[in-house]
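Novice: Quick one: structure below, then a few questions.
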Amino acid sequence: MHAYANPARFLKIARPLTPVFLLAGVVLVLFGSFAGLFMTPPDYLQGDSVRIMYIHVPAAWLGMGGWSGIAIASIVQLVWRHPLAGVAGRAIAVPGALFTAICLITGSIWGRPTWGTWWEWDGRMTSMLVLLFLYIGYVALANASDERTSVSRATAIFGIVGAVNLPIINRSVVWWNSLHQKSSITIKGSTIAPELLWPLAPTVVGFTLLFAAVVLMRMRANLAEAKLEARMRRMAAA
Amino acid sequence: MNHWPFVIAAYGLTGLGSVGVVLWSYIAMRKAEKAAGSLERDR
């Protein structure tokens, strides 16, 4: 891991990967969305509103996956003092918050025709809303520090403590009565009909690649700004 | 109930959000790398 602790070595890998992730992500998202909108039948119970699943599920995955990334980066920063860990945590926070918000909004739009309500204060929706607030708190804490190449210890600890919400989100539909259905896709298989399920694979992979491209771009921007600031400081001191 | 307005709203919002964050990140990266690059040349 420390082999990639050098920002120059990281940039050598990130520069060619960014356009590859971006292009592959766009192609897969467009294909999966087109397939989900026009190539699958409506669900026998949910009708056409089931098509929202192809964007709602990737958004939920990225909201939770993003915070997992922040928690891992925080541990790496605190334990191994990896110089890129703070940059990664910072770069994940904004797209993570965005996809959590997209998950909540598309879920609400799905809920109106399916459940007859825009919002219900049940375990799944409330814990997902808490995740959005955690992201906002993380962004605020990270921006409170002037340091571009890292985040403060308090921010890193907040990133680890916030991860306690992830199993709560995952188990919420089991622990409490919820309008939200139980997990449809598990390691044992899927309860979704195959003719409805298949476009989910390209949208999940596509949005994940887009997310990775955005994180790489934000890390590159932060590293370049840090380089600029360090140079300015040296010039001011001279 | 016609579900298509809900579907269109969900896809529209997701599209806007995704394009927005990609463009914002790309512009910020280009601007920062350009500034850092010009600094390198001035040294």
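Ordering of the structure tokens sets the chain letters (A, B, ...); residue numbers start at 1 within each chain; ligands are numbered from 1 in the order shown.
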Mind listing as a ChimeraX atom specification which residues of chain B are within 9 Å of chain A, counting only C-alpha atoms?
Specialist: /B:1-4,6-11,13-14,17-18,21-22,25-26,28-37,39
Novice: Please return, as a PyMOL selection string, all residues of segment 17-181 of chain A that DSSP assigns to alpha helix (DSSP H) on the basis of the backbone.
Specialist: chain A and resi 17-34+53-80+85-115+123-144+153-161+165-175
Novice: Would you mind reading off the distance between atom CA of Ser127 of chain A and atom CA of Ala140 of chain A, one decimal, in Å?
Specialist: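 Straight-line distance from atom CA of Ser127 of chain A to atom CA of Ala140 of chain A works out to 19.9 Å.
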Novice: In Å, how far is it from atom CA of Ala35 of chain A to atom CA of Thr203 of chain A?
Specialist: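 According to the coordinates, atom CA of Ala35 of chain A and atom CA of Thr203 of chain A are separated by 9.7 Å.
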Novice: Which residues are near Leu141 of chain A? Cut-off 10 Å, only C-alpha atoms, ignore same chain within fewer than 3 positions. Put them as a list of chain:residue names.
Specialist: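 In the requested form, the answer reads A:Arg90, A:Tyr135, A:Ile136, A:Gly137, A:Tyr138, A:Ala144, A:Ser145, A:Val151, A:Ser152, A:Ala154, A:Thr155, A:Ala156, A:Phe158.
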Novice: What does the file look like for those residues with all heavy atoms, as a compact mmCIF listing (two decimals), in the first residue's frame?
Specialist:
# COMPACT_ATOMS: atom_id res chain seq x y z
N ARG A 90 -11.74 13.05 1.45
CA ARG A 90 -12.28 14.34 1.02
C ARG A 90 -12.96 14.23 -0.35
O ARG A 90 -14.03 14.78 -0.59
CB ARG A 90 -11.11 15.31 0.91
CG ARG A 90 -11.39 16.73 1.16
CD ARG A 90 -10.09 17.48 0.99
NE ARG A 90 -9.56 17.96 2.24
CZ ARG A 90 -9.90 19.12 2.79
NH1 ARG A 90 -10.80 19.87 2.22
NH2 ARG A 90 -9.35 19.51 3.90
N TYR A 135 -22.78 12.76 5.83
CA TYR A 135 -21.96 13.27 4.72
C TYR A 135 -21.79 14.79 4.82
O TYR A 135 -20.69 15.31 4.64
CB TYR A 135 -22.61 12.93 3.38
CG TYR A 135 -22.20 11.60 2.78
CD1 TYR A 135 -23.13 10.58 2.58
CD2 TYR A 135 -20.89 11.37 2.39
CE1 TYR A 135 -22.76 9.37 2.01
CE2 TYR A 135 -20.51 10.16 1.81
CZ TYR A 135 -21.45 9.17 1.63
OH TYR A 135 -21.07 7.97 1.07
N ILE A 136 -22.91 15.48 5.08
CA ILE A 136 -22.85 16.95 5.17
C ILE A 136 -21.92 17.35 6.30
O ILE A 136 -21.09 18.26 6.16
CB ILE A 136 -24.27 17.55 5.33
CG1 ILE A 136 -25.09 17.30 4.05
CG2 ILE A 136 -24.21 19.04 5.65
CD1 ILE A 136 -26.58 17.56 4.19
N GLY A 137 -22.01 16.65 7.44
CA GLY A 137 -21.13 16.92 8.58
C GLY A 137 -19.67 16.68 8.23
O GLY A 137 -18.79 17.47 8.60
N TYR A 138 -19.40 15.58 7.49
CA TYR A 138 -18.03 15.25 7.11
C TYR A 138 -17.45 16.34 6.19
O TYR A 138 -16.30 16.77 6.36
CB TYR A 138 -18.00 13.88 6.42
CG TYR A 138 -16.60 13.41 6.07
CD1 TYR A 138 -15.89 12.61 6.96
CD2 TYR A 138 -16.00 13.77 4.87
CE1 TYR A 138 -14.61 12.19 6.66
CE2 TYR A 138 -14.71 13.35 4.56
CZ TYR A 138 -14.02 12.57 5.46
OH TYR A 138 -12.76 12.16 5.14
N ALA A 144 -13.35 22.67 7.14
CA ALA A 144 -12.93 23.55 8.23
C ALA A 144 -11.41 23.57 8.38
O ALA A 144 -10.84 24.47 8.96
CB ALA A 144 -13.57 23.09 9.55
N SER A 145 -10.75 22.53 7.81
CA SER A 145 -9.29 22.46 7.87
C SER A 145 -8.71 23.11 6.61
O SER A 145 -9.25 22.95 5.52
CB SER A 145 -8.87 20.99 7.95
OG SER A 145 -7.53 20.86 7.54
N VAL A 151 -7.20 15.29 5.99
CA VAL A 151 -8.29 15.80 6.81
C VAL A 151 -7.82 15.69 8.26
O VAL A 151 -6.88 14.96 8.56
CB VAL A 151 -9.61 15.01 6.61
CG1 VAL A 151 -10.19 15.24 5.24
CG2 VAL A 151 -9.41 13.52 6.86
N SER A 152 -8.48 16.45 9.13
CA SER A 152 -8.04 16.45 10.53
C SER A 152 -8.31 15.10 11.18
O SER A 152 -9.09 14.29 10.65
CB SER A 152 -8.77 17.56 11.29
OG SER A 152 -10.15 17.25 11.32
N ALA A 154 -9.99 14.66 13.85
CA ALA A 154 -11.41 14.66 14.26
C ALA A 154 -12.29 14.22 13.08
O ALA A 154 -13.23 13.44 13.25
CB ALA A 154 -11.80 16.04 14.75
N THR A 155 -11.94 14.70 11.87
CA THR A 155 -12.72 14.34 10.68
C THR A 155 -12.58 12.85 10.40
O THR A 155 -13.56 12.17 10.07
CB THR A 155 -12.24 15.15 9.46
OG1 THR A 155 -12.15 16.53 9.82
CG2 THR A 155 -13.19 15.01 8.27
N ALA A 156 -11.35 12.34 10.55
CA ALA A 156 -11.11 10.90 10.31
C ALA A 156 -11.87 10.04 11.33
O ALA A 156 -12.47 9.02 10.97
CB ALA A 156 -9.62 10.61 10.35
N PHE A 158 -14.58 10.93 12.88
CA PHE A 158 -15.99 11.07 12.50
C PHE A 158 -16.32 10.10 11.35
O PHE A 158 -17.39 9.48 11.33
CB PHE A 158 -16.24 12.52 12.06
CG PHE A 158 -17.67 12.83 11.70
CD1 PHE A 158 -18.63 13.00 12.68
CD2 PHE A 158 -18.05 12.95 10.37
CE1 PHE A 158 -19.94 13.29 12.34
CE2 PHE A 158 -19.36 13.22 10.03
CZ PHE A 158 -20.31 13.40 11.02
Novice: Quick one: pull the distance between atom CA of Leu132 of chain A and atom CA of Ile92 of chain A, Å, one decimal.
Specialist: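 So the answer is 13.1 Å.
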Novice: Run DSSP on the backbone and grab whatever in segment 87-191 of chain A lands in strand (DSSP E or B); send it over as a list of chain:residue names.
Specialist: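 Restricting segment 87-191 of chain A to strand (DSSP E or B) produces A:Ile185, A:Thr186, A:Gly189, A:Ser190.
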Novice: Excluding Val87 of chain A and its own-chain neighbours fewer than 2 positions away, which residues fall within 6 Å of it when counting only C-alpha atoms? Please give them as a list of chain:residue names.
Specialist: A:Leu84, A:Ala85, A:Gly89, A:Arg90, A:Thr149, A:Ser150, A:Met219
